[in-house]
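Enquirer: One file is attached below, structure_33.txt, containing compact mmCIF, C-alpha atoms and all ligand atoms.
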```txt
# COMPACT_ATOMS: atom_id res chain seq x y z
CA MET A 1 88.07 67.12 -42.18
CA SER A 2 89.34 64.79 -39.45
CA ALA A 3 91.03 65.92 -36.28
CA PRO A 4 94.85 65.92 -36.24
CA ALA A 5 96.36 62.61 -35.14
CA ASP A 6 98.53 64.18 -32.46
CA ASN A 7 95.43 65.44 -30.77
CA GLU A 8 94.32 61.88 -30.05
CA VAL A 9 96.73 61.64 -27.18
CA GLY A 10 94.41 63.36 -24.77
CA THR A 11 97.22 65.01 -22.84
CA GLY A 12 99.12 68.27 -22.97
CA THR A 13 97.69 71.61 -23.94
CA GLY A 14 96.37 70.94 -27.47
CA VAL A 15 92.73 70.92 -28.46
CA ARG A 16 92.47 67.28 -27.24
CA ALA A 17 93.72 68.08 -23.78
CA PRO A 18 91.65 66.39 -21.03
CA ARG A 19 89.66 69.47 -20.17
CA ARG A 20 88.73 70.36 -23.76
CA ALA A 21 85.43 69.41 -25.37
CA ARG A 22 85.51 66.17 -27.39
CA ILE A 23 84.82 67.19 -31.02
CA ALA A 24 85.98 64.78 -33.70
CA GLU A 25 85.93 67.27 -36.55
CA ARG A 26 88.80 69.67 -36.93
CA THR A 27 86.24 72.40 -37.55
CA LEU A 28 82.50 72.69 -37.98
CA ARG A 29 82.83 75.83 -40.07
CA THR A 30 81.37 75.57 -43.56
CA ASP A 31 82.52 78.97 -44.89
CA ARG A 32 85.79 79.59 -46.73
CA TRP A 33 87.78 80.09 -43.51
CA TRP A 34 90.95 79.06 -45.35
CA LEU A 35 90.85 82.01 -47.74
CA PRO A 36 92.34 84.75 -45.47
CA PRO A 37 95.31 82.56 -44.37
CA LEU A 38 95.92 81.60 -48.00
CA LEU A 39 95.90 85.22 -49.20
CA THR A 40 98.17 86.25 -46.32
CA THR A 41 100.65 83.50 -47.17
CA LEU A 42 100.67 84.46 -50.85
CA GLY A 43 101.14 88.16 -50.04
CA LEU A 44 104.01 87.57 -47.63
CA ALA A 45 105.68 85.02 -49.92
CA THR A 46 105.50 87.39 -52.89
CA PHE A 47 107.23 90.13 -50.93
CA VAL A 48 109.89 87.81 -49.51
CA VAL A 49 110.75 86.39 -52.96
CA TYR A 50 110.86 89.82 -54.61
CA ALA A 51 112.89 91.44 -51.80
CA THR A 52 115.37 88.54 -51.68
CA ILE A 53 116.02 88.64 -55.42
CA ARG A 54 116.38 92.40 -55.47
CA ALA A 55 118.67 92.44 -52.43
CA PHE A 56 121.15 90.14 -54.19
CA VAL A 57 121.09 91.29 -57.83
CA ARG A 58 123.21 94.42 -57.24
CA THR A 59 121.97 96.16 -60.37
CA ALA A 60 119.67 99.11 -61.11
CA TYR A 61 119.44 100.39 -57.55
CA TRP A 62 120.70 103.93 -58.20
CA VAL A 63 119.70 106.62 -60.71
CA PRO A 64 122.75 108.90 -60.97
CA GLU A 65 120.98 111.80 -62.80
CA TYR A 66 118.37 112.27 -60.05
CA HIS A 67 120.05 110.61 -57.06
CA TYR A 68 117.24 108.07 -56.63
CA LEU A 69 118.32 105.24 -54.35
CA THR A 70 116.13 102.22 -53.68
CA PRO A 71 115.39 101.65 -49.96
CA PHE A 72 116.60 98.03 -50.30
CA TYR A 73 120.17 99.32 -50.72
CA SER A 74 120.16 102.10 -48.15
CA PRO A 75 122.48 102.94 -46.56
CA CYS A 76 125.01 101.65 -49.08
CA VAL A 77 128.24 101.76 -47.11
CA SER A 78 130.52 99.33 -48.98
CA THR A 79 133.12 100.19 -51.62
CA SER A 80 131.17 97.78 -53.83
CA CYS A 81 128.38 100.37 -54.05
CA VAL A 82 128.13 102.27 -57.31
CA ALA A 83 129.64 105.78 -57.28
CA GLY A 84 127.37 108.40 -55.70
CA SER A 85 125.06 105.96 -53.91
CA SER A 86 126.96 105.96 -50.61
CA HIS A 87 125.34 108.92 -48.85
CA PHE A 88 127.04 108.05 -45.57
CA GLY A 89 130.47 107.16 -46.93
CA HIS A 90 132.23 103.81 -47.11
CA TRP A 91 132.37 101.94 -43.81
CA PHE A 92 133.45 98.63 -45.35
CA GLY A 93 135.58 97.41 -48.24
CA ASP A 94 134.20 95.33 -51.09
CA PHE A 95 131.41 92.92 -50.20
CA PRO A 96 131.57 89.44 -51.79
CA SER A 97 128.70 88.81 -54.20
CA TRP A 98 126.74 86.72 -51.68
CA ILE A 99 126.42 89.65 -49.24
CA PRO A 100 123.65 92.17 -50.15
CA LEU A 101 124.89 95.75 -50.39
CA GLY A 102 122.18 96.77 -47.93
CA ALA A 103 123.35 94.12 -45.45
CA LEU A 104 123.96 96.68 -42.71
CA VAL A 105 120.25 97.20 -42.02
CA LEU A 106 118.43 94.38 -43.82
CA PRO A 107 118.67 91.98 -40.82
CA PHE A 108 117.20 94.65 -38.53
CA LEU A 109 114.41 95.53 -40.93
CA LEU A 110 113.63 91.85 -41.35
CA GLY A 111 113.69 91.41 -37.58
CA PHE A 112 111.43 94.43 -37.12
CA ARG A 113 108.82 93.01 -39.47
CA LEU A 114 109.14 89.41 -38.30
CA THR A 115 108.63 90.36 -34.64
CA CYS A 116 105.88 92.90 -35.40
CA TYR A 117 102.73 92.06 -33.46
CA TYR A 118 100.58 92.22 -36.60
CA TYR A 119 102.89 90.06 -38.73
CA ARG A 120 103.14 87.56 -35.89
CA LYS A 121 99.38 87.18 -35.97
CA ALA A 122 99.50 86.89 -39.76
CA TYR A 123 102.13 84.19 -40.03
CA TYR A 124 101.19 82.31 -36.87
CA ARG A 125 97.76 81.80 -38.43
CA SER A 126 98.57 81.46 -42.11
CA VAL A 127 101.98 79.73 -42.09
CA TRP A 128 102.18 78.05 -38.69
CA PHE A 129 98.42 77.26 -38.43
CA SER A 130 98.42 78.16 -34.77
CA PRO A 131 95.46 78.30 -35.16
CA PRO A 132 94.61 78.77 -38.85
CA ALA A 133 91.29 80.48 -38.08
CA CYS A 134 88.74 81.04 -35.35
CA ALA A 135 87.13 77.71 -34.35
CA VAL A 136 89.54 75.68 -36.50
CA ALA A 137 91.77 73.33 -34.52
CA GLU A 138 95.49 73.73 -34.95
CA PRO A 139 97.59 70.70 -35.98
CA HIS A 140 100.02 71.08 -33.06
CA ALA A 141 99.70 68.85 -30.01
CA ARG A 142 101.11 71.36 -27.59
CA TYR A 143 100.99 75.10 -27.20
CA THR A 144 103.89 76.89 -25.55
CA GLY A 145 103.34 80.32 -27.07
CA GLU A 146 106.28 82.69 -26.81
CA THR A 147 107.59 81.28 -23.56
CA ARG A 148 110.59 79.37 -24.94
CA LEU A 149 113.03 79.32 -27.85
CA PRO A 150 112.71 80.18 -30.63
CA LEU A 151 109.57 82.29 -30.21
CA ILE A 152 110.67 83.89 -26.95
CA VAL A 153 112.98 85.98 -29.17
CA GLN A 154 109.86 87.84 -30.30
CA ASN A 155 110.17 89.87 -27.12
CA VAL A 156 113.11 91.85 -28.55
CA HIS A 157 110.70 93.70 -30.86
CA ARG A 158 111.15 96.94 -28.96
CA TYR A 159 114.87 97.00 -29.80
CA PHE A 160 114.18 96.43 -33.49
CA PHE A 161 111.81 99.38 -33.22
CA TYR A 162 114.67 101.66 -32.10
CA VAL A 163 116.78 100.59 -35.10
CA ALA A 164 113.77 101.06 -37.41
CA MET A 165 113.51 104.66 -36.23
CA ILE A 166 117.14 105.24 -37.25
CA VAL A 167 116.51 103.59 -40.63
CA SER A 168 113.51 105.87 -41.16
CA VAL A 169 115.80 108.86 -40.61
CA VAL A 170 118.23 107.41 -43.18
CA ASN A 171 115.40 106.92 -45.69
CA THR A 172 114.26 110.49 -45.07
CA TYR A 173 117.77 111.77 -45.79
CA ASP A 174 117.85 109.75 -49.03
CA ALA A 175 114.49 111.25 -50.02
CA VAL A 176 115.77 114.80 -49.46
CA LEU A 177 118.92 114.16 -51.53
CA ALA A 178 116.71 112.80 -54.32
CA PHE A 179 115.44 116.32 -55.09
CA HIS A 180 118.27 116.60 -57.54
CA GLY A 181 118.21 118.01 -61.06
CA ARG A 182 119.66 116.31 -64.12
CA THR A 183 122.40 118.97 -64.37
CA GLY A 184 122.67 119.59 -60.61
CA GLY A 185 120.76 121.85 -58.23
CA PHE A 186 117.11 121.29 -57.39
CA GLY A 187 115.02 118.86 -59.39
CA PHE A 188 111.66 117.21 -58.93
CA GLY A 189 110.07 114.32 -60.79
CA LEU A 190 107.57 111.50 -60.43
CA GLY A 191 110.27 109.46 -58.69
CA ASN A 192 110.34 112.01 -55.87
CA VAL A 193 106.59 111.64 -55.34
CA ILE A 194 106.96 107.86 -55.05
CA ILE A 195 110.03 108.00 -52.81
CA VAL A 196 108.54 110.62 -50.47
CA ALA A 197 105.21 108.78 -50.25
CA ASN A 198 107.08 105.62 -49.32
CA VAL A 199 109.07 107.42 -46.61
CA VAL A 200 105.94 109.05 -45.14
CA LEU A 201 104.17 105.71 -45.00
CA LEU A 202 107.24 104.01 -43.50
CA TRP A 203 107.23 106.64 -40.76
CA ALA A 204 103.52 106.06 -40.20
CA TYR A 205 104.05 102.28 -39.97
CA THR A 206 107.03 102.67 -37.62
CA LEU A 207 105.27 105.15 -35.34
CA SER A 208 102.13 103.03 -35.28
CA CYS A 209 104.13 100.20 -33.68
CA HIS A 210 102.71 98.79 -30.44
CA SER A 211 106.12 99.26 -28.80
CA CYS A 212 106.05 102.95 -29.74
CA ARG A 213 102.60 103.24 -28.15
CA HIS A 214 103.93 101.68 -24.96
CA ILE A 215 107.06 103.84 -24.98
CA THR A 216 105.01 107.04 -25.30
CA GLY A 217 102.20 106.23 -22.87
CA GLY A 218 103.01 103.02 -21.06
CA ARG A 219 103.77 102.64 -17.34
CA LEU A 220 102.01 105.90 -16.46
CA LYS A 221 99.64 105.95 -13.53
CA HIS A 222 98.15 109.38 -14.27
CA PHE A 223 97.91 110.74 -17.79
CA SER A 224 96.85 114.08 -16.33
CA LYS A 225 100.33 114.53 -14.83
CA HIS A 226 102.06 113.87 -18.16
CA PRO A 227 100.15 115.96 -20.74
CA VAL A 228 102.91 115.81 -23.38
CA ARG A 229 103.24 112.03 -23.21
CA TYR A 230 99.47 111.73 -23.15
CA TRP A 231 99.20 113.81 -26.31
CA MET A 232 101.92 111.72 -28.01
CA TRP A 233 100.17 108.53 -26.90
CA THR A 234 96.85 109.66 -28.37
CA GLN A 235 98.51 110.47 -31.72
CA VAL A 236 100.36 107.15 -31.80
CA THR A 237 97.13 105.37 -30.85
CA LYS A 238 95.38 106.85 -33.89
CA LEU A 239 98.10 105.43 -36.11
CA ASN A 240 98.16 102.19 -34.14
CA ASN A 241 94.50 101.60 -35.04
CA ARG A 242 95.67 101.33 -38.67
CA HIS A 243 98.75 99.22 -38.02
CA MET A 244 97.65 96.25 -40.12
CA LEU A 245 96.74 98.52 -43.02
CA LEU A 246 100.10 100.29 -42.77
CA ALA A 247 101.96 96.97 -42.54
CA TRP A 248 100.54 95.85 -45.89
CA THR A 249 100.65 99.29 -47.52
CA THR A 250 104.35 99.71 -46.77
CA LEU A 251 105.16 96.28 -48.20
CA GLY A 252 103.51 97.53 -51.38
CA THR A 253 105.19 100.95 -51.41
CA LEU A 254 108.61 99.38 -50.75
CA VAL A 255 108.19 97.15 -53.80
CA LEU A 256 106.76 100.01 -55.87
CA THR A 257 109.65 102.34 -54.98
CA ASP A 258 112.28 99.72 -55.69
CA LEU A 259 110.60 98.70 -58.95
CA TYR A 260 110.36 102.31 -60.09
CA VAL A 261 114.03 102.99 -59.35
CA MET A 262 114.99 99.76 -61.10
CA LEU A 263 113.01 100.57 -64.26
CA VAL A 264 114.24 104.17 -64.51
CA SER A 265 117.81 103.12 -63.77
CA SER A 266 117.59 100.41 -66.44
CA GLY A 267 116.33 102.90 -69.03
CA VAL A 268 112.96 101.14 -69.47
CA PHE A 269 111.28 104.57 -69.29
CA PRO A 270 112.44 108.09 -68.35
CA ASP A 271 111.44 109.75 -65.09
CA PRO A 272 108.72 112.35 -65.85
CA ARG A 273 110.19 115.64 -64.58
CA PHE A 274 108.23 118.56 -63.16
CA VAL A 275 111.36 120.66 -62.48
CA ASN A 276 114.61 120.14 -64.42
FE1 LIG B 1 104.18 96.07 -35.74
FE2 LIG B 1 105.83 97.08 -33.86
S1 LIG B 1 104.00 96.03 -33.59
S2 LIG B 1 106.00 97.20 -36.02
```
The structure given in the file should be rewritten as structure tokens.
Ligand code: FES
Expert:
Amino acid sequence: MSAPADNEVGTGTGVRAPRRARIAERTLRTDRWWLPPLLTTLGLATFVVYATIRAFVRTAYWVPEYHYLTPFYSPCVSTSCVAGSSHFGHWFGDFPSWIPLGALVLPFLLGFRLTCYYYRKAYYRSVWFSPPACAVAEPHARYTGETRLPLIVQNVHRYFFYVAMIVSVVNTYDAVLAFHGRTGGFGFGLGNVIIVANVVLLWAYTLSCHSCRHITGGRLKHFSKHPVRYWMWTQVTKLNNRHMLLAWTTLGTLVLTDLYVMLVSSGVFPDPRFVN
């Protein structure tokens, strides 16, 4: 594989900058270094396509018998939402068909994931090829990192984290309301297991955030003088070690939860009930 043409310039900060070693090949690696970026791209693209379609279809997002609400439509605060699905009331009138019913939080959730330190690594490597893999030259002539627009916006991740905490509370509230029986009162089915598992994992992903770790234990000179924050920091650190795993797992549980609600709501199969 030949070196990128823009690296022939011999200036700037790319791999052909004056102080870099002169290597004609883009990489000397002979293993399948391209496989992880390819799988990452396919995984992310699959989720984006599925989530986009589901966010706009406006059907099968609510199971009235059991009060199951898909997380993609929560909170549903428009008068366009189907009866019963607006757990927090109606804040807006009808949404035109091109606005998703979950539009209130979808931009923040998207922003939270897009600016996540793990996802940045994933799509910088697999989509932006910056660089595609260790010891594989990137195709870009210059490297400016996150020091200018648009990537400097990545630094607002902490604020998306605060909103994500609120959304996790909303999802938890939805999960509690979903313990609803067919004829009212308490009920419990397979849908509850899936919804609760999704909420628990979303909490784990959110709390494992690098910003959360910094908020709990950052800027301290002496842990010994802040035992409570130190304890919180150690717990968050344990989760933080699994942040990549949680990032992928929650993409899967979000799709699974939405798919389950959609299939039960559409009458494809009934929800197996353990109580009522
Ligand atoms: Fe991934 Fe904050 S670093 S969610």
Enquirer: Given 8 Å of margin on each side, can you work out the centre and size in Å (one decimal) of an axis-aligned box holding every listed atom of ligand LIG 1 (chain B), as JSON?
Expert:
```
{"center_x": 105.0, "center_y": 96.6, "center_z": -34.8, "size_x": 18.0, "size_y": 17.2, "size_z": 18.4}
```
Enquirer: Measuring between only C-alpha atoms, which one of A:Tyr159, A:Leu245, A:Thr40, A:Ile23 shows the shortest distance to Cys212 of chain A?
Expert: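 Smallest distance to Cys212 of chain A is found for A:Tyr159.
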Enquirer: Need to verify the contact set: Leu38 of chain A, 12 Å, all atoms listed in the file, exclusion of same-chain residues closer than 6 positions in sequence. Can you return it as a PDB file with C-alpha atoms, in the coordinates of the input?
Expert:
```pdb
ATOM      1  CA  ARG A  32      85.790  79.590 -46.730  1.00  0.00           C
ATOM      2  CA  LEU A  44     104.010  87.570 -47.630  1.00  0.00           C
ATOM      3  CA  ALA A  45     105.680  85.020 -49.920  1.00  0.00           C
ATOM      4  CA  ALA A 122      99.500  86.890 -39.760  1.00  0.00           C
ATOM      5  CA  TYR A 123     102.130  84.190 -40.030  1.00  0.00           C
ATOM      6  CA  ARG A 125      97.760  81.800 -38.430  1.00  0.00           C
ATOM      7  CA  SER A 126      98.570  81.460 -42.110  1.00  0.00           C
ATOM      8  CA  VAL A 127     101.980  79.730 -42.090  1.00  0.00           C
ATOM      9  CA  TRP A 128     102.180  78.050 -38.690  1.00  0.00           C
ATOM     10  CA  PHE A 129      98.420  77.260 -38.430  1.00  0.00           C
ATOM     11  CA  PRO A 132      94.610  78.770 -38.850  1.00  0.00           C
ATOM     12  CA  ALA A 133      91.290  80.480 -38.080  1.00  0.00           C
TER      13      ALA A 133
END
```
Enquirer: Using only C-alpha atoms and all ligand atoms, find each protein or nucleic acid residue lying at most 12 Å from ligand LIG 1 (chain B); present the set as a compact mmCIF listing (two decimals) with C-alpha atoms, in the frame of the given file.
Expert:
```txt
# COMPACT_ATOMS: atom_id res chain seq x y z
CA PHE A 108 117.20 94.65 -38.53
CA LEU A 109 114.41 95.53 -40.93
CA LEU A 110 113.63 91.85 -41.35
CA GLY A 111 113.69 91.41 -37.58
CA PHE A 112 111.43 94.43 -37.12
CA ARG A 113 108.82 93.01 -39.47
CA LEU A 114 109.14 89.41 -38.30
CA THR A 115 108.63 90.36 -34.64
CA CYS A 116 105.88 92.90 -35.40
CA TYR A 117 102.73 92.06 -33.46
CA TYR A 118 100.58 92.22 -36.60
CA TYR A 119 102.89 90.06 -38.73
CA ARG A 120 103.14 87.56 -35.89
CA LYS A 121 99.38 87.18 -35.97
CA ALA A 122 99.50 86.89 -39.76
CA GLN A 154 109.86 87.84 -30.30
CA ASN A 155 110.17 89.87 -27.12
CA VAL A 156 113.11 91.85 -28.55
CA HIS A 157 110.70 93.70 -30.86
CA ARG A 158 111.15 96.94 -28.96
CA TYR A 159 114.87 97.00 -29.80
CA PHE A 160 114.18 96.43 -33.49
CA PHE A 161 111.81 99.38 -33.22
CA TYR A 162 114.67 101.66 -32.10
CA VAL A 163 116.78 100.59 -35.10
CA ALA A 164 113.77 101.06 -37.41
CA MET A 165 113.51 104.66 -36.23
CA LEU A 202 107.24 104.01 -43.50
CA TRP A 203 107.23 106.64 -40.76
CA ALA A 204 103.52 106.06 -40.20
CA TYR A 205 104.05 102.28 -39.97
CA THR A 206 107.03 102.67 -37.62
CA LEU A 207 105.27 105.15 -35.34
CA SER A 208 102.13 103.03 -35.28
CA CYS A 209 104.13 100.20 -33.68
CA HIS A 210 102.71 98.79 -30.44
CA SER A 211 106.12 99.26 -28.80
CA CYS A 212 106.05 102.95 -29.74
CA ARG A 213 102.60 103.24 -28.15
CA HIS A 214 103.93 101.68 -24.96
CA ILE A 215 107.06 103.84 -24.98
CA VAL A 236 100.36 107.15 -31.80
CA THR A 237 97.13 105.37 -30.85
CA LEU A 239 98.10 105.43 -36.11
CA ASN A 240 98.16 102.19 -34.14
CA ASN A 241 94.50 101.60 -35.04
CA ARG A 242 95.67 101.33 -38.67
CA HIS A 243 98.75 99.22 -38.02
CA MET A 244 97.65 96.25 -40.12
CA LEU A 245 96.74 98.52 -43.02
CA LEU A 246 100.10 100.29 -42.77
CA ALA A 247 101.96 96.97 -42.54
CA TRP A 248 100.54 95.85 -45.89
CA THR A 250 104.35 99.71 -46.77
```
Enquirer: Residues at most 8 Å from Ala51 of chain A, counting all atoms listed in the file, excluding those fewer than 3 positions away in the same chain, as a VMD selection string?
Expert: chain A and resid 47 to 48 54 to 55 72 255
Enquirer: At what distance in Å, to one decimal, does atom CA of Asn276 of chain A lie from atom CA of Pro75 of chain A?
Expert: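 According to the coordinates, atom CA of Pro75 of chain A and atom CA of Asn276 of chain A are separated by 26.0 Å.
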Enquirer: Which residues are close to Arg29 of chain A, i.e. within 10 Å by only C-alpha atoms, leaving aside same-chain residues fewer than 6 positions away? Reply as a PyMOL selection string.
Expert: chain A and resi 133-136
Enquirer: Could you give me, as a compact mmCIF listing (two decimals) with C-alpha atoms, keeping the file's coordinate frame, the residues that sit within 9 Å of (123.3, 86.0, -54.8) in the file's coordinates, counting all atoms listed in the file?
Expert:
```
# COMPACT_ATOMS: atom_id res chain seq x y z
CA THR A 52 115.37 88.54 -51.68
CA ILE A 53 116.02 88.64 -55.42
CA ALA A 55 118.67 92.44 -52.43
CA PHE A 56 121.15 90.14 -54.19
CA VAL A 57 121.09 91.29 -57.83
CA ARG A 58 123.21 94.42 -57.24
CA SER A 97 128.70 88.81 -54.20
CA TRP A 98 126.74 86.72 -51.68
CA ILE A 99 126.42 89.65 -49.24
CA PRO A 100 123.65 92.17 -50.15
```
Enquirer: Taking the partial coordinates given, rebuild segment 231-251 of chain A to contain N, CA and C atoms; return it as a tab-separated table (two decimals), in the coordinates of the input.
Expert:
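To be explicit, this is the file written out as rebuild-v2.tsv:
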```tsv
chain	number	residue	atom	x	y	z
A	231	TRP	N	99.51	113.35	-24.96
A	231	TRP	CA	99.20	113.81	-26.31
A	231	TRP	C	99.90	112.91	-27.33
A	232	MET	N	101.19	112.60	-27.09
A	232	MET	CA	101.92	111.72	-28.01
A	232	MET	C	101.24	110.35	-28.09
A	233	TRP	N	100.82	109.85	-26.94
A	233	TRP	CA	100.17	108.53	-26.90
A	233	TRP	C	98.88	108.52	-27.70
A	234	THR	N	98.11	109.62	-27.61
A	234	THR	CA	96.85	109.66	-28.37
A	234	THR	C	97.13	109.70	-29.87
A	235	GLN	N	98.19	110.42	-30.29
A	235	GLN	CA	98.51	110.47	-31.72
A	235	GLN	C	98.99	109.10	-32.21
A	236	VAL	N	99.86	108.47	-31.41
A	236	VAL	CA	100.36	107.15	-31.80
A	236	VAL	C	99.20	106.14	-31.83
A	237	THR	N	98.27	106.29	-30.89
A	237	THR	CA	97.13	105.37	-30.85
A	237	THR	C	96.29	105.46	-32.12
A	238	LYS	N	96.14	106.70	-32.64
A	238	LYS	CA	95.38	106.85	-33.89
A	238	LYS	C	96.05	106.08	-35.02
A	239	LEU	N	97.38	106.18	-35.08
A	239	LEU	CA	98.10	105.43	-36.11
A	239	LEU	C	98.02	103.93	-35.83
A	240	ASN	N	98.15	103.60	-34.54
A	240	ASN	CA	98.16	102.19	-34.14
A	240	ASN	C	96.88	101.46	-34.57
A	241	ASN	N	95.77	102.21	-34.60
A	241	ASN	CA	94.50	101.60	-35.04
A	241	ASN	C	94.58	101.13	-36.49
A	242	ARG	N	95.53	101.69	-37.25
A	242	ARG	CA	95.67	101.33	-38.67
A	242	ARG	C	96.95	100.52	-38.91
A	243	HIS	N	97.44	99.88	-37.89
A	243	HIS	CA	98.75	99.22	-38.02
A	243	HIS	C	98.74	98.13	-39.07
A	244	MET	N	97.71	97.32	-39.11
A	244	MET	CA	97.65	96.25	-40.12
A	244	MET	C	97.62	96.85	-41.52
A	245	LEU	N	96.82	97.87	-41.70
A	245	LEU	CA	96.74	98.52	-43.02
A	245	LEU	C	98.10	99.08	-43.43
A	246	LEU	N	98.78	99.72	-42.47
A	246	LEU	CA	100.10	100.29	-42.77
A	246	LEU	C	101.14	99.20	-43.03
A	247	ALA	N	101.01	98.08	-42.32
A	247	ALA	CA	101.96	96.97	-42.54
A	247	ALA	C	101.89	96.49	-43.98
A	248	TRP	N	100.68	96.32	-44.51
A	248	TRP	CA	100.54	95.85	-45.89
A	248	TRP	C	100.85	96.96	-46.89
A	249	THR	N	100.41	98.18	-46.58
A	249	THR	CA	100.65	99.29	-47.52
A	249	THR	C	102.14	99.51	-47.72
A	250	THR	N	102.91	99.45	-46.64
A	250	THR	CA	104.35	99.71	-46.77
A	250	THR	C	105.07	98.58	-47.48
A	251	LEU	N	104.56	97.35	-47.38
A	251	LEU	CA	105.16	96.28	-48.20
A	251	LEU	C	104.99	96.64	-49.67
```
